[in-house]
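**Q** Below is the file target29.pdb, with PDB, C-alpha atoms.
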ATOM      1  CA  MET A1089     116.090 100.786  80.119  1.00  0.00           C
ATOM      2  CA  SER A1090     117.275 104.022  81.620  1.00  0.00           C
ATOM      3  CA  THR A1091     121.011 104.533  81.955  1.00  0.00           C
ATOM      4  CA  ASN A1092     120.575 107.443  84.341  1.00  0.00           C
ATOM      5  CA  THR A1093     120.225 106.522  87.998  1.00  0.00           C
ATOM      6  CA  SER A1094     119.100 109.894  89.357  1.00  0.00           C
ATOM      7  CA  PHE A1095     115.520 109.622  90.560  1.00  0.00           C
ATOM      8  CA  GLY A1096     114.186 112.721  88.830  1.00  0.00           C
ATOM      9  CA  ASP A1097     115.684 112.039  85.409  1.00  0.00           C
ATOM     10  CA  ALA A1098     114.805 108.338  85.391  1.00  0.00           C
ATOM     11  CA  ALA A1099     111.272 109.014  86.630  1.00  0.00           C
ATOM     12  CA  ALA A1100     110.698 111.621  83.925  1.00  0.00           C
ATOM     13  CA  MET A1101     112.012 109.345  81.205  1.00  0.00           C
ATOM     14  CA  TRP A1102     109.902 106.357  82.254  1.00  0.00           C
ATOM     15  CA  ASN A1103     106.805 108.483  82.834  1.00  0.00           C
ATOM     16  CA  GLN A1104     107.143 109.717  79.276  1.00  0.00           C
ATOM     17  CA  ARG A1105     107.508 106.178  77.961  1.00  0.00           C
ATOM     18  CA  TYR A1106     104.449 105.007  79.922  1.00  0.00           C
ATOM     19  CA  ALA A1107     102.305 107.976  78.851  1.00  0.00           C
ATOM     20  CA  GLY A1108     100.236 106.079  76.281  1.00  0.00           C
ATOM     21  CA  ASP A1109      97.422 103.622  76.877  1.00  0.00           C
ATOM     22  CA  GLU A1110      99.259 100.521  75.638  1.00  0.00           C
ATOM     23  CA  LEU A1111     101.227  98.245  77.940  1.00  0.00           C
ATOM     24  CA  LEU A1112     104.736  98.638  76.549  1.00  0.00           C
ATOM     25  CA  PHE A1113     105.941  95.220  77.690  1.00  0.00           C
ATOM     26  CA  GLY A1114     102.616  93.451  77.344  1.00  0.00           C
ATOM     27  CA  GLU A1115     100.164  92.060  79.854  1.00  0.00           C
ATOM     28  CA  ALA A1116     101.595  88.549  80.212  1.00  0.00           C
ATOM     29  CA  PRO A1117     104.345  87.833  82.739  1.00  0.00           C
ATOM     30  CA  ASN A1118     107.962  87.407  81.750  1.00  0.00           C
ATOM     31  CA  ASP A1119     108.524  83.935  80.282  1.00  0.00           C
ATOM     32  CA  TYR A1120     111.443  83.102  82.570  1.00  0.00           C
ATOM     33  CA  LEU A1121     109.479  84.051  85.679  1.00  0.00           C
ATOM     34  CA  ARG A1122     106.483  82.011  84.532  1.00  0.00           C
ATOM     35  CA  ALA A1123     108.738  79.020  83.840  1.00  0.00           C
ATOM     36  CA  GLN A1124     109.760  79.056  87.512  1.00  0.00           C
ATOM     37  CA  ALA A1125     106.177  78.397  88.644  1.00  0.00           C
ATOM     38  CA  PRO A1126     106.971  74.892  89.990  1.00  0.00           C
ATOM     39  CA  ARG A1127     109.671  76.383  92.231  1.00  0.00           C
ATOM     40  CA  LEU A1128     107.689  79.343  93.536  1.00  0.00           C
ATOM     41  CA  PRO A1129     106.159  79.303  97.017  1.00  0.00           C
ATOM     42  CA  ARG A1130     102.457  78.466  97.074  1.00  0.00           C
ATOM     43  CA  ARG A1131     101.787  81.138  99.682  1.00  0.00           C
ATOM     44  CA  GLY A1132     103.608  83.956 101.414  1.00  0.00           C
ATOM     45  CA  ARG A1133     104.877  87.372 100.428  1.00  0.00           C
ATOM     46  CA  ALA A1134     106.519  88.449  97.192  1.00  0.00           C
ATOM     47  CA  LEU A1135     108.213  91.639  96.019  1.00  0.00           C
ATOM     48  CA  CYS A1136     108.491  92.774  92.396  1.00  0.00           C
ATOM     49  CA  VAL A1137     111.382  95.172  91.853  1.00  0.00           C
ATOM     50  CA  ALA A1138     110.934  97.988  89.296  1.00  0.00           C
ATOM     51  CA  ASP A1139     107.772  96.292  88.055  1.00  0.00           C
ATOM     52  CA  GLY A1140     106.709  98.932  85.527  1.00  0.00           C
ATOM     53  CA  GLU A1141     103.131  98.409  84.372  1.00  0.00           C
ATOM     54  CA  GLY A1142     102.546  95.423  86.642  1.00  0.00           C
ATOM     55  CA  ARG A1143     102.589  92.376  84.403  1.00  0.00           C
ATOM     56  CA  ASN A1144     104.750  90.297  86.763  1.00  0.00           C
ATOM     57  CA  SER A1145     103.255  91.385  90.078  1.00  0.00           C
ATOM     58  CA  VAL A1146      99.705  90.797  88.839  1.00  0.00           C
ATOM     59  CA  TRP A1147     100.630  87.298  87.663  1.00  0.00           C
ATOM     60  CA  LEU A1148     102.237  86.481  91.016  1.00  0.00           C
ATOM     61  CA  ALA A1149      99.111  87.686  92.823  1.00  0.00           C
ATOM     62  CA  GLN A1150      97.093  85.355  90.588  1.00  0.00           C
ATOM     63  CA  GLN A1151      99.262  82.498  91.882  1.00  0.00           C
ATOM     64  CA  GLY A1152      98.018  83.211  95.411  1.00  0.00           C
ATOM     65  CA  LEU A1153     100.906  85.274  96.775  1.00  0.00           C
ATOM     66  CA  GLN A1154     100.644  88.493  98.759  1.00  0.00           C
ATOM     67  CA  VAL A1155     102.506  90.857  96.471  1.00  0.00           C
ATOM     68  CA  ASP A1156     104.235  94.195  96.929  1.00  0.00           C
ATOM     69  CA  ALA A1157     105.651  96.017  93.903  1.00  0.00           C
ATOM     70  CA  PHE A1158     107.329  99.316  93.204  1.00  0.00           C
ATOM     71  CA  ASP A1159     108.497 101.360  90.269  1.00  0.00           C
ATOM     72  CA  ILE A1160     110.087 104.754  89.816  1.00  0.00           C
ATOM     73  CA  ALA A1161     107.424 105.932  87.336  1.00  0.00           C
ATOM     74  CA  GLU A1162     104.081 107.169  88.666  1.00  0.00           C
ATOM     75  CA  ARG A1163     102.404 106.558  85.297  1.00  0.00           C
ATOM     76  CA  GLY A1164     103.675 103.007  85.206  1.00  0.00           C
ATOM     77  CA  VAL A1165     102.319 102.348  88.685  1.00  0.00           C
ATOM     78  CA  ALA A1166      98.938 103.840  87.738  1.00  0.00           C
ATOM     79  CA  LYS A1167      98.742 101.435  84.795  1.00  0.00           C
ATOM     80  CA  ALA A1168      99.800  98.561  87.061  1.00  0.00           C
ATOM     81  CA  ARG A1169      96.992  99.366  89.492  1.00  0.00           C
ATOM     82  CA  ALA A1170      94.524  99.390  86.609  1.00  0.00           C
ATOM     83  CA  LEU A1171      95.838  96.015  85.413  1.00  0.00           C
ATOM     84  CA  ALA A1172      95.410  94.525  88.883  1.00  0.00           C
ATOM     85  CA  ARG A1173      91.828  95.818  89.078  1.00  0.00           C
ATOM     86  CA  ARG A1174      91.089  94.376  85.653  1.00  0.00           C
ATOM     87  CA  HIS A1175      92.289  90.953  86.803  1.00  0.00           C
ATOM     88  CA  GLY A1176      90.588  91.161  90.202  1.00  0.00           C
ATOM     89  CA  VAL A1177      93.736  90.810  92.304  1.00  0.00           C
ATOM     90  CA  ALA A1178      95.246  92.901  95.083  1.00  0.00           C
ATOM     91  CA  VAL A1179      98.825  94.179  94.812  1.00  0.00           C
ATOM     92  CA  ASP A1180     100.366  96.777  97.116  1.00  0.00           C
ATOM     93  CA  PHE A1181     101.963  99.152  94.599  1.00  0.00           C
ATOM     94  CA  ALA A1182     104.284 102.024  95.472  1.00  0.00           C
ATOM     95  CA  VAL A1183     106.055 104.750  93.528  1.00  0.00           C
ATOM     96  CA  ALA A1184     109.631 104.492  94.750  1.00  0.00           C
ATOM     97  CA  ASP A1185     113.283 104.716  93.816  1.00  0.00           C
ATOM     98  CA  GLY A1186     115.073 101.455  94.598  1.00  0.00           C
ATOM     99  CA  ASP A1187     117.996 103.341  96.112  1.00  0.00           C
ATOM    100  CA  ALA A1188     115.798 105.412  98.427  1.00  0.00           C
ATOM    101  CA  LEU A1189     113.410 102.601  99.385  1.00  0.00           C
ATOM    102  CA  ALA A1190     113.357 101.518 103.026  1.00  0.00           C
ATOM    103  CA  TRP A1191     114.091  97.870 102.282  1.00  0.00           C
ATOM    104  CA  PRO A1192     112.766  95.514 104.970  1.00  0.00           C
ATOM    105  CA  GLU A1193     114.826  92.672 106.345  1.00  0.00           C
ATOM    106  CA  ALA A1194     113.846  88.992 106.022  1.00  0.00           C
ATOM    107  CA  VAL A1195     110.243  89.678 104.991  1.00  0.00           C
ATOM    108  CA  TYR A1196     109.734  88.099 101.565  1.00  0.00           C
ATOM    109  CA  ASP A1197     109.455  84.512 100.409  1.00  0.00           C
ATOM    110  CA  LEU A1198     110.102  85.595  96.819  1.00  0.00           C
ATOM    111  CA  VAL A1199     111.731  88.556  95.107  1.00  0.00           C
ATOM    112  CA  ALA A1200     111.334  88.966  91.337  1.00  0.00           C
ATOM    113  CA  ALA A1201     113.772  91.218  89.491  1.00  0.00           C
ATOM    114  CA  ILE A1202     112.992  91.159  85.775  1.00  0.00           C
ATOM    115  CA  PHE A1203     115.007  93.363  83.397  1.00  0.00           C
ATOM    116  CA  ILE A1204     116.067  95.885  86.041  1.00  0.00           C
ATOM    117  CA  GLN A1205     119.136  96.892  84.050  1.00  0.00           C
ATOM    118  CA  PHE A1206     118.595 100.625  84.407  1.00  0.00           C
ATOM    119  CA  ALA A1207     121.093 100.406  87.289  1.00  0.00           C
ATOM    120  CA  ASP A1208     124.765 101.249  86.835  1.00  0.00           C
ATOM    121  CA  PRO A1209     127.270  98.880  88.508  1.00  0.00           C
ATOM    122  CA  ALA A1210     127.320 100.714  91.850  1.00  0.00           C
ATOM    123  CA  MET A1211     123.537 100.916  92.092  1.00  0.00           C
ATOM    124  CA  ARG A1212     123.229  97.327  90.889  1.00  0.00           C
ATOM    125  CA  GLN A1213     125.448  96.158  93.748  1.00  0.00           C
ATOM    126  CA  ARG A1214     123.223  97.968  96.246  1.00  0.00           C
ATOM    127  CA  LEU A1215     120.049  96.573  94.675  1.00  0.00           C
ATOM    128  CA  PHE A1216     121.356  93.014  94.713  1.00  0.00           C
ATOM    129  CA  ALA A1217     122.354  93.334  98.372  1.00  0.00           C
ATOM    130  CA  ASN A1218     118.982  94.815  99.318  1.00  0.00           C
ATOM    131  CA  MET A1219     117.058  92.129  97.464  1.00  0.00           C
ATOM    132  CA  LEU A1220     118.890  89.403  99.351  1.00  0.00           C
ATOM    133  CA  ARG A1221     118.442  91.290 102.617  1.00  0.00           C
ATOM    134  CA  ALA A1222     114.681  91.457 102.043  1.00  0.00           C
ATOM    135  CA  LEU A1223     114.373  87.672 101.613  1.00  0.00           C
ATOM    136  CA  ARG A1224     113.631  85.323 104.456  1.00  0.00           C
ATOM    137  CA  PRO A1225     116.035  82.399 104.893  1.00  0.00           C
ATOM    138  CA  GLY A1226     115.001  79.853 102.280  1.00  0.00           C
ATOM    139  CA  GLY A1227     113.351  82.537 100.146  1.00  0.00           C
ATOM    140  CA  LEU A1228     113.917  82.678  96.383  1.00  0.00           C
ATOM    141  CA  LEU A1229     115.170  85.432  94.106  1.00  0.00           C
ATOM    142  CA  VAL A1230     114.241  85.123  90.428  1.00  0.00           C
ATOM    143  CA  LEU A1231     116.236  87.381  88.124  1.00  0.00           C
ATOM    144  CA  GLN A1232     116.215  87.820  84.364  1.00  0.00           C
ATOM    145  CA  GLY A1233     118.476  90.117  82.387  1.00  0.00           C
ATOM    146  CA  TYR A1234     120.459  90.612  79.224  1.00  0.00           C
ATOM    147  CA  THR A1235     124.029  89.485  78.626  1.00  0.00           C
ATOM    148  CA  PRO A1236     126.632  91.553  76.721  1.00  0.00           C
ATOM    149  CA  ARG A1237     125.763  89.695  73.517  1.00  0.00           C
ATOM    150  CA  GLN A1238     122.475  91.615  73.593  1.00  0.00           C
ATOM    151  CA  LEU A1239     124.398  94.500  72.030  1.00  0.00           C
ATOM    152  CA  GLN A1240     124.237  92.478  68.793  1.00  0.00           C
ATOM    153  CA  TYR A1241     120.435  92.537  68.899  1.00  0.00           C
ATOM    154  CA  ARG A1242     117.815  95.289  68.859  1.00  0.00           C
ATOM    155  CA  SER A1243     115.160  93.568  70.946  1.00  0.00           C
ATOM    156  CA  GLY A1244     115.382  95.705  74.096  1.00  0.00           C
ATOM    157  CA  GLY A1245     117.607  96.553  76.997  1.00  0.00           C
ATOM    158  CA  PRO A1246     120.289  99.171  77.601  1.00  0.00           C
ATOM    159  CA  GLN A1247     122.942  99.694  74.965  1.00  0.00           C
ATOM    160  CA  ARG A1248     125.677  99.904  77.599  1.00  0.00           C
ATOM    161  CA  ILE A1249     127.836  96.933  78.403  1.00  0.00           C
ATOM    162  CA  ASP A1250     128.338  97.924  82.048  1.00  0.00           C
ATOM    163  CA  HIS A1251     124.589  97.547  82.602  1.00  0.00           C
ATOM    164  CA  LEU A1252     124.497  93.971  81.311  1.00  0.00           C
ATOM    165  CA  TYR A1253     124.972  90.707  83.216  1.00  0.00           C
ATOM    166  CA  THR A1254     127.430  87.855  82.907  1.00  0.00           C
ATOM    167  CA  GLU A1255     127.213  84.538  84.722  1.00  0.00           C
ATOM    168  CA  GLU A1256     130.536  85.257  86.401  1.00  0.00           C
ATOM    169  CA  MET A1257     129.320  88.617  87.691  1.00  0.00           C
ATOM    170  CA  LEU A1258     126.116  87.077  89.047  1.00  0.00           C
ATOM    171  CA  ARG A1259     127.948  84.208  90.735  1.00  0.00           C
ATOM    172  CA  GLU A1260     130.184  86.711  92.475  1.00  0.00           C
ATOM    173  CA  ALA A1261     127.311  89.023  93.464  1.00  0.00           C
ATOM    174  CA  PHE A1262     125.296  86.171  94.981  1.00  0.00           C
ATOM    175  CA  ALA A1263     128.133  84.079  96.405  1.00  0.00           C
ATOM    176  CA  ALA A1264     126.479  84.165  99.832  1.00  0.00           C
ATOM    177  CA  ALA A1265     123.330  82.474  98.483  1.00  0.00           C
ATOM    178  CA  GLU A1266     122.648  79.061  96.966  1.00  0.00           C
ATOM    179  CA  ILE A1267     122.466  79.275  93.195  1.00  0.00           C
ATOM    180  CA  VAL A1268     119.603  76.990  92.173  1.00  0.00           C
ATOM    181  CA  GLU A1269     119.827  77.812  88.457  1.00  0.00           C
ATOM    182  CA  LEU A1270     122.000  80.073  86.342  1.00  0.00           C
ATOM    183  CA  ARG A1271     121.978  79.863  82.585  1.00  0.00           C
ATOM    184  CA  SER A1272     122.664  82.041  79.570  1.00  0.00           C
ATOM    185  CA  TYR A1273     120.669  81.442  76.402  1.00  0.00           C
ATOM    186  CA  ASP A1274     119.176  83.046  73.311  1.00  0.00           C
ATOM    187  CA  ALA A1275     115.418  83.210  72.930  1.00  0.00           C
ATOM    188  CA  GLU A1276     112.773  85.045  70.956  1.00  0.00           C
ATOM    189  CA  LEU A1277     111.083  87.716  73.060  1.00  0.00           C
ATOM    190  CA  ARG A1278     107.438  88.614  72.529  1.00  0.00           C
ATOM    191  CA  GLU A1279     106.829  91.024  75.396  1.00  0.00           C
ATOM    192  CA  GLY A1280     104.764  93.915  74.129  1.00  0.00           C
ATOM    193  CA  THR A1281     106.298  96.334  71.630  1.00  0.00           C
ATOM    194  CA  GLN A1282     109.529  96.978  73.549  1.00  0.00           C
ATOM    195  CA  HIS A1283     110.919  93.454  74.021  1.00  0.00           C
ATOM    196  CA  THR A1284     110.485  91.876  70.600  1.00  0.00           C
ATOM    197  CA  GLY A1285     112.875  89.645  68.684  1.00  0.00           C
ATOM    198  CA  MET A1286     115.880  87.450  69.384  1.00  0.00           C
ATOM    199  CA  ALA A1287     117.632  88.303  72.644  1.00  0.00           C
ATOM    200  CA  ALA A1288     120.708  87.223  74.599  1.00  0.00           C
ATOM    201  CA  LEU A1289     119.397  86.411  78.058  1.00  0.00           C
ATOM    202  CA  VAL A1290     120.492  85.161  81.432  1.00  0.00           C
ATOM    203  CA  GLY A1291     118.151  83.646  84.004  1.00  0.00           C
ATOM    204  CA  MET A1292     118.976  82.995  87.631  1.00  0.00           C
ATOM    205  CA  VAL A1293     117.242  81.563  90.679  1.00  0.00           C
ATOM    206  CA  VAL A1294     118.962  81.804  94.052  1.00  0.00           C
ATOM    207  CA  ARG A1295     117.894  80.684  97.500  1.00  0.00           C
ATOM    208  CA  LYS A1296     118.877  82.672 100.579  1.00  0.00           C
ATOM    209  CA  ARG A1297     120.751  80.528 103.055  1.00  0.00           C
TER     210      ARG A1297
END
Output the structure of this file as C-alpha cells.
**A**
Amino acid sequence: MSTNTSFGDAAAMWNQRYAGDELLFGEAPNDYLRAQAPRLPRRGRALCVADGEGRNSVWLAQQGLQVDAFDIAERGVAKARALARRHGVAVDFAVADGDALAWPEAVYDLVAAIFIQFADPAMRQRLFANMLRALRPGGLLVLQGYTPRQLQYRSGGPQRIDHLYTEEMLREAFAAAEIVELRSYDAELREGTQHTGMAALVGMVVRKR
C-alpha cells in the first residue's frame, strides 16, 4: 500500500502498479468480506472504498446490491470496469481521492473498506469518520486490515506501523457505532500475486446506530 497520501504521488504509484494486464490482488473477493455474506443486506446500496481493480465491488454487485466504488488510480478503475463487464454486472466506478471525495450522508446500507492502509493516521481518522457518515442508520461497515504483527510477514501491506490497525484503535475510532465483530487472527492469504502467504489480520463489522 502507498504510504504517501498526496493525490498525485499516490495515483502515480498505483497507476504504475496496475499497468499490467494481470489483476494484482486476484479476481475473487476478499475472504473476510465474503465470510460476512450472511450479515450483508440483501438489497440496497453499497460503497467500496479504494477498491482497486474491482474484485470486491463486482462481487457485491453479484449479490444483488447497487454498488458504487472509487479508487485513486485511473488504471485500476479501468480494469475494474472491465471486470464488471466480464461478469455482467453494473457498478458505478469513479476515479477519486478519498480525502477530496464529496462523501454523501446516510446513503449506504453497506460500506466495504478492505486493506485501505495507504492512509496515515490523520487521513485514516477522516476516512473512518466519512465512512460512518455515509452509512444509513442500521447500515454495516465491513473492514479488513493488517495488525502490527504483519511486519513479521512479507505477504502484503505497508511496512509502517502507524498505518496498521489494532483492536484498541478500532474500538476507539468506532466508539459511536455498535461493534458486531472485531477479531485479530493469522491466516494464509491467496489474493493474487500481492497478498500471498501468512498474514496478521484484523476483521471488523460495525453497525451505525
**Q** Would you kindly return, as a PyMOL selection string, each protein, DNA or RNA residue with an atom no farther than 12 Å from any atom of region 1206-1210 of chain A, considering all atoms listed in the file and excluding same-chain residues fewer than 3 positions away?
**A** chain A and resi 1089-1095+1097-1099+1101-1102+1137-1138+1159-1160+1185-1187+1201-1203+1213-1217+1233-1234+1244-1253+1257-1258+1261
**Q** Write out the residues from the selection above, keeping C-alpha atoms, as a PDB file, keeping the file's coordinate frame.
**A**
ATOM      1  CA  MET A1089     116.090 100.786  80.119  1.00  0.00           C
ATOM      2  CA  SER A1090     117.275 104.022  81.620  1.00  0.00           C
ATOM      3  CA  THR A1091     121.011 104.533  81.955  1.00  0.00           C
ATOM      4  CA  ASN A1092     120.575 107.443  84.341  1.00  0.00           C
ATOM      5  CA  THR A1093     120.225 106.522  87.998  1.00  0.00           C
ATOM      6  CA  SER A1094     119.100 109.894  89.357  1.00  0.00           C
ATOM      7  CA  PHE A1095     115.520 109.622  90.560  1.00  0.00           C
ATOM      8  CA  ASP A1097     115.684 112.039  85.409  1.00  0.00           C
ATOM      9  CA  ALA A1098     114.805 108.338  85.391  1.00  0.00           C
ATOM     10  CA  ALA A1099     111.272 109.014  86.630  1.00  0.00           C
ATOM     11  CA  MET A1101     112.012 109.345  81.205  1.00  0.00           C
ATOM     12  CA  TRP A1102     109.902 106.357  82.254  1.00  0.00           C
ATOM     13  CA  VAL A1137     111.382  95.172  91.853  1.00  0.00           C
ATOM     14  CA  ALA A1138     110.934  97.988  89.296  1.00  0.00           C
ATOM     15  CA  ASP A1159     108.497 101.360  90.269  1.00  0.00           C
ATOM     16  CA  ILE A1160     110.087 104.754  89.816  1.00  0.00           C
ATOM     17  CA  ASP A1185     113.283 104.716  93.816  1.00  0.00           C
ATOM     18  CA  GLY A1186     115.073 101.455  94.598  1.00  0.00           C
ATOM     19  CA  ASP A1187     117.996 103.341  96.112  1.00  0.00           C
ATOM     20  CA  ALA A1201     113.772  91.218  89.491  1.00  0.00           C
ATOM     21  CA  ILE A1202     112.992  91.159  85.775  1.00  0.00           C
ATOM     22  CA  PHE A1203     115.007  93.363  83.397  1.00  0.00           C
ATOM     23  CA  GLN A1213     125.448  96.158  93.748  1.00  0.00           C
ATOM     24  CA  ARG A1214     123.223  97.968  96.246  1.00  0.00           C
ATOM     25  CA  LEU A1215     120.049  96.573  94.675  1.00  0.00           C
ATOM     26  CA  PHE A1216     121.356  93.014  94.713  1.00  0.00           C
ATOM     27  CA  ALA A1217     122.354  93.334  98.372  1.00  0.00           C
ATOM     28  CA  GLY A1233     118.476  90.117  82.387  1.00  0.00           C
ATOM     29  CA  TYR A1234     120.459  90.612  79.224  1.00  0.00           C
ATOM     30  CA  GLY A1244     115.382  95.705  74.096  1.00  0.00           C
ATOM     31  CA  GLY A1245     117.607  96.553  76.997  1.00  0.00           C
ATOM     32  CA  PRO A1246     120.289  99.171  77.601  1.00  0.00           C
ATOM     33  CA  GLN A1247     122.942  99.694  74.965  1.00  0.00           C
ATOM     34  CA  ARG A1248     125.677  99.904  77.599  1.00  0.00           C
ATOM     35  CA  ILE A1249     127.836  96.933  78.403  1.00  0.00           C
ATOM     36  CA  ASP A1250     128.338  97.924  82.048  1.00  0.00           C
ATOM     37  CA  HIS A1251     124.589  97.547  82.602  1.00  0.00           C
ATOM     38  CA  LEU A1252     124.497  93.971  81.311  1.00  0.00           C
ATOM     39  CA  TYR A1253     124.972  90.707  83.216  1.00  0.00           C
ATOM     40  CA  MET A1257     129.320  88.617  87.691  1.00  0.00           C
ATOM     41  CA  LEU A1258     126.116  87.077  89.047  1.00  0.00           C
ATOM     42  CA  ALA A1261     127.311  89.023  93.464  1.00  0.00           C
TER      43      ALA A1261
END
**Q** When the PyMOL selection byres ((chain A and resi 1163) around 12) is applied to the structure above, which residues does it catch, written out as a CSV table (one decimal) with C-alpha atoms, keeping the file's coordinate frame?
**A**
chain,number,residue,atom,x,y,z
A,1099,ALA,CA,111.3,109.0,86.6
A,1100,ALA,CA,110.7,111.6,83.9
A,1101,MET,CA,112.0,109.3,81.2
A,1102,TRP,CA,109.9,106.4,82.3
A,1103,ASN,CA,106.8,108.5,82.8
A,1104,GLN,CA,107.1,109.7,79.3
A,1105,ARG,CA,107.5,106.2,78.0
A,1106,TYR,CA,104.4,105.0,79.9
A,1107,ALA,CA,102.3,108.0,78.9
A,1108,GLY,CA,100.2,106.1,76.3
A,1109,ASP,CA,97.4,103.6,76.9
A,1110,GLU,CA,99.3,100.5,75.6
A,1111,LEU,CA,101.2,98.2,77.9
A,1139,ASP,CA,107.8,96.3,88.1
A,1140,GLY,CA,106.7,98.9,85.5
A,1141,GLU,CA,103.1,98.4,84.4
A,1142,GLY,CA,102.5,95.4,86.6
A,1158,PHE,CA,107.3,99.3,93.2
A,1159,ASP,CA,108.5,101.4,90.3
A,1160,ILE,CA,110.1,104.8,89.8
A,1161,ALA,CA,107.4,105.9,87.3
A,1162,GLU,CA,104.1,107.2,88.7
A,1164,GLY,CA,103.7,103.0,85.2
A,1165,VAL,CA,102.3,102.3,88.7
A,1166,ALA,CA,98.9,103.8,87.7
A,1167,LYS,CA,98.7,101.4,84.8
A,1168,ALA,CA,99.8,98.6,87.1
A,1169,ARG,CA,97.0,99.4,89.5
A,1170,ALA,CA,94.5,99.4,86.6
A,1181,PHE,CA,102.0,99.2,94.6
A,1182,ALA,CA,104.3,102.0,95.5
A,1183,VAL,CA,106.1,104.8,93.5
**Q** Any chance you could resolve the PyMOL selection byres ((chain A and resi 1272) around 9) against this file and give the residues as a list in words?
**A**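 When the PyMOL selection byres ((chain A and resi 1272) around 9) is applied, the selected residues are Tyr1234, Thr1235, Thr1254, Glu1255, Leu1270, Arg1271, Tyr1273, Asp1274, Ala1288, Leu1289, Val1290, Gly1291 and Met1292 of chain A.
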**Q** Applied to the shown file, which residues does the PyMOL selection byres ((chain A and resi 1151) around 12) return, written as a PyMOL selection string?
**A** chain A and resi 1117+1122+1124-1126+1128-1134+1144-1150+1152-1155+1177-1178
**Q** For Val1293 (chain A), find every residue with an atom within 7 Å (counting all atoms listed in the file), except residues of its own chain fewer than 4 positions away, and show them as a PyMOL selection string.
**A** chain A and resi 1228-1231+1267-1270
**Q** Include C-alpha atoms and write out the residues we just selected as an mmCIF file, in the coordinates of the input.
**A**
data_model
loop_
_atom_site.group_PDB
_atom_site.id
_atom_site.type_symbol
_atom_site.label_atom_id
_atom_site.label_comp_id
_atom_site.auth_asym_id
_atom_site.auth_seq_id
_atom_site.Cartn_x
_atom_site.Cartn_y
_atom_site.Cartn_z
ATOM 1 C CA LEU A 1228 113.917 82.678 96.383
ATOM 2 C CA LEU A 1229 115.170 85.432 94.106
ATOM 3 C CA VAL A 1230 114.241 85.123 90.428
ATOM 4 C CA LEU A 1231 116.236 87.381 88.124
ATOM 5 C CA ILE A 1267 122.466 79.275 93.195
ATOM 6 C CA VAL A 1268 119.603 76.990 92.173
ATOM 7 C CA GLU A 1269 119.827 77.812 88.457
ATOM 8 C CA LEU A 1270 122.000 80.073 86.342
#
**Q** Just how far from CA of Leu1277 (chain A) is CA of Lys1296 (chain A), in Å to one decimal?
**A** 29.0 Å
**Q** Between A:Phe1113, A:Tyr1196, A:Tyr1241, A:Trp1191, which one has atoms that come closest to Ala1275 (chain A), using only C-alpha atoms?
**A**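 That would be A:Tyr1241, the residue with the smallest distance to Ala1275 (chain A).
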**Q** For the atom pair CA of His1283 (chain A) and CA of Arg1259 (chain A), what is the interatomic distance in Å to one decimal place?
**A** 25.6 Å
**Q** Any chance you could work out the axis-aligned box around region 1184-1189 of chain A, listed atoms only, 5 Å on each side, giving centre and edge lengths in Å to one decimal, as JSON?
**A**
{"center_x": 113.8, "center_y": 103.4, "center_z": 96.6, "size_x": 18.4, "size_y": 14.0, "size_z": 15.6}
**Q** With only C-alpha atoms as the atoms that count, which of A:Ala1287, A:Ala1200, A:Met1219, A:Ala1116 lies nearest to His1175 (chain A)?
**A**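 Under the stated criterion, the closest residue is A:Ala1116.
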**Q** Of the candidates A:Ala1184, A:Leu1198, A:Cys1136, A:Leu1171, which one gets nearest to Gly1114 (chain A) if we count only C-alpha atoms?
**A**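 Of all the options, A:Leu1171 lies closest to Gly1114 (chain A).
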**Q** Between CA of Leu1135 (chain A) and CA of Glu1279 (chain A), what is the spacing in Å?
**A**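 It comes out at 20.7 Å.
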**Q** Let me make sure I understand: among A:Gly1280, A:Ile1204, A:Val1179, A:Met1286, which one has the smallest atom-to-atom distance to Gln1238 (chain A) if we use all atoms listed in the file?
**A** A:Met1286
